[in-house]
Amino acid sequence: MVRIASDVTRLVGRTPLVALSRVAPSGVELVGKLEAWNPSGSNKDRAALGMIQHAERAGFLKRGGVVVECSSGDLGLSVAMVGRRLGYRVVLTMPESTPRYRRRLLHSLGAEVVVTPDVEGMRGAMSMAERIADVADVEPLLLAEIAHFFTVYKDVEPGKSVEVGDWEGRAVAERAIDAARLRHDA
């Protein structure tokens, strides 16, 4: 019997596993997770859903709020799909060089698309996201970093060491978490 999901977020991460016995060493069970079977076709669905859910639980994002993200790639697509499904206004910023088909796709998923001059590159798009966030009273970039950190390392026991790429990456993540706590508690 075919299972019908009540909403698209229920499908995120529930991707099939496939045995990789032909490439596995003898005596080893090796499997691959088919992340392309996520609703948007990307593993970024899992990150987008995790970031938004963490932001809700932490009190950074309230129902009916605004999600602002600087992305025109797979993460932007996933944020648009998940954010709108969960009832948020989604604003995505990107350089004007982003292909028109991509902008139309993001718009069709319910995102508001704001383009910035090409000469400013992604820095210009990021700056625009920060300006929009100031007006909307949200912290999109910092919030995304924190939420992604907790999404990836959610199963690590408190007090245990976590390797985030390198020491610099861990320091950045820890500073972001501390800054968010200060803003949230203020």
# chains A, B, ... in the order shown; residues from 1 in each chain; ligands from 1
>>> select_by_dssp(residues="segment 8-166 of chain A", states="alpha helix (DSSP H)", output="JSON, numbers by chain")
{"A": [44, 45, 46, 47, 48, 49, 50, 51, 52, 53, 54, 55, 56, 57, 74, 75, 76, 77, 78, 79, 80, 81, 82, 83, 84, 85, 100, 101, 102, 103, 104, 105, 106, 107, 108, 121, 122, 123, 124, 125, 126, 127, 128, 129, 130, 131, 132, 133, 134, 135, 136, 140, 141, 142, 143, 144, 145, 146, 147, 148, 149, 150, 151, 152]}
>>> select_by_dssp(residues="segment 15-68 of chain A", states="strand (DSSP E)", output="number ranges by chain")
A: 17-19, 31-33, 66-68
>>> write_last_selection(atoms="all heavy atoms", output="short mmCIF file (atom, residue, chain, number, x, y, z; two decimals), in the first residue's frame")
data_model
loop_
_atom_site.label_atom_id
_atom_site.label_comp_id
_atom_site.auth_asym_id
_atom_site.auth_seq_id
_atom_site.Cartn_x
_atom_site.Cartn_y
_atom_site.Cartn_z
N LEU A 17 17.29 3.46 2.13
CA LEU A 17 18.68 3.00 2.17
C LEU A 17 18.85 1.94 1.10
O LEU A 17 17.92 1.19 0.79
CB LEU A 17 18.99 2.39 3.54
CG LEU A 17 18.85 3.30 4.75
CD1 LEU A 17 19.04 2.50 6.04
CD2 LEU A 17 19.86 4.43 4.68
N VAL A 18 20.05 1.86 0.55
CA VAL A 18 20.35 0.84 -0.45
C VAL A 18 21.66 0.16 -0.07
O VAL A 18 22.62 0.82 0.34
CB VAL A 18 20.40 1.45 -1.88
CG1 VAL A 18 21.52 2.45 -2.02
CG2 VAL A 18 20.53 0.36 -2.92
N ALA A 19 21.68 -1.16 -0.17
CA ALA A 19 22.89 -1.92 0.13
C ALA A 19 23.94 -1.66 -0.94
O ALA A 19 23.64 -1.63 -2.14
CB ALA A 19 22.56 -3.41 0.20
N VAL A 31 25.83 0.67 3.49
CA VAL A 31 24.59 1.14 2.90
C VAL A 31 24.73 2.62 2.55
O VAL A 31 25.50 3.34 3.16
CB VAL A 31 23.36 0.95 3.83
CG1 VAL A 31 23.10 -0.52 4.09
CG2 VAL A 31 23.53 1.70 5.13
N GLY A 32 23.96 3.04 1.57
CA GLY A 32 23.91 4.44 1.17
C GLY A 32 22.50 4.98 1.37
O GLY A 32 21.52 4.26 1.20
N LYS A 33 22.40 6.22 1.79
CA LYS A 33 21.10 6.86 2.00
C LYS A 33 20.80 7.71 0.77
O LYS A 33 21.60 8.54 0.38
CB LYS A 33 21.15 7.71 3.27
CG LYS A 33 19.79 8.21 3.71
CD LYS A 33 19.79 8.44 5.21
CE LYS A 33 18.52 9.03 5.72
NZ LYS A 33 17.34 8.25 5.48
N VAL A 66 9.06 35.70 10.17
CA VAL A 66 9.75 35.87 8.90
C VAL A 66 11.06 35.09 8.93
O VAL A 66 11.84 35.21 9.87
CB VAL A 66 10.06 37.35 8.62
CG1 VAL A 66 10.75 37.52 7.27
CG2 VAL A 66 8.80 38.19 8.69
N VAL A 67 11.29 34.30 7.90
CA VAL A 67 12.57 33.61 7.73
C VAL A 67 13.29 34.32 6.59
O VAL A 67 12.76 34.41 5.48
CB VAL A 67 12.36 32.11 7.38
CG1 VAL A 67 13.69 31.44 7.11
CG2 VAL A 67 11.60 31.41 8.49
N VAL A 68 14.47 34.85 6.89
CA VAL A 68 15.27 35.55 5.87
C VAL A 68 16.56 34.76 5.68
O VAL A 68 17.22 34.42 6.65
CB VAL A 68 15.59 37.00 6.31
CG1 VAL A 68 16.36 37.72 5.22
CG2 VAL A 68 14.33 37.75 6.68
#
>>> closest_residue(among="A:Gly50, A:Pro95, A:Pro39, A:Gly59", to="Met81 of chain A", atoms="only C-alpha atoms")
A:Pro39
>>> closest_residue(among="A:Val90, A:Ala36, A:Ala129, A:Val28", to="Gly64 of chain A", atoms="only C-alpha atoms")
A:Val90
>>> atom_distance(atom1="atom CA of Leu30 of chain A", atom2="atom CA of Asp74 of chain A")
27.1 Å
>>> residues_around(residues="Val8 of chain A", least_positions_apart="6", cutoff="12 Å", atoms="only C-alpha atoms", output="list in words")
Arg14, Asn38, Pro39, Ser40, Asp45, Arg46, Leu49, Ser78, Met81, Val82, Gly83, Arg84, Arg85 and Leu86 of chain A
>>> atom_distance(atom1="atom CA of Ser97 of chain A", atom2="atom CA of Val135 of chain A")
25.2 Å
>>> residues_around(residues="Thr93 of chain A", least_positions_apart="2", cutoff="10 Å", atoms="only C-alpha atoms", output="PyMOL selection string")
chain A and resi 68-72+76+91+95-96+111-116+122+124-130+132
>>> atom_distance(atom1="atom CA of Ile52 of chain A", atom2="atom CA of Leu77 of chain A")
13.8 Å
>>> residues_around(residues="Tyr101 of chain A", least_positions_apart="5", cutoff="12 Å", atoms="only C-alpha atoms", output="compact mmCIF listing (two decimals) with C-alpha atoms, in the first residue's frame")
# COMPACT_ATOMS: atom_id res chain seq x y z
CA SER A 72 19.70 30.91 -4.29
CA GLY A 73 20.91 27.33 -4.13
CA LEU A 106 11.76 29.96 -5.52
CA HIS A 107 8.88 32.38 -6.04
CA SER A 108 6.55 29.52 -7.01
>>> residues_around(residues="Thr15 of chain A", least_positions_apart="5", cutoff="6 Å", atoms="only C-alpha atoms", output="mmCIF file with C-alpha atoms, in the first residue's frame")
data_model
loop_
_atom_site.group_PDB
_atom_site.id
_atom_site.type_symbol
_atom_site.label_atom_id
_atom_site.label_comp_id
_atom_site.auth_asym_id
_atom_site.auth_seq_id
_atom_site.Cartn_x
_atom_site.Cartn_y
_atom_site.Cartn_z
ATOM 1 C CA LEU A 34 19.298 8.202 -1.073
ATOM 2 C CA GLU A 35 19.045 11.854 -0.036
ATOM 3 C CA TRP A 37 14.566 11.303 -2.569
#
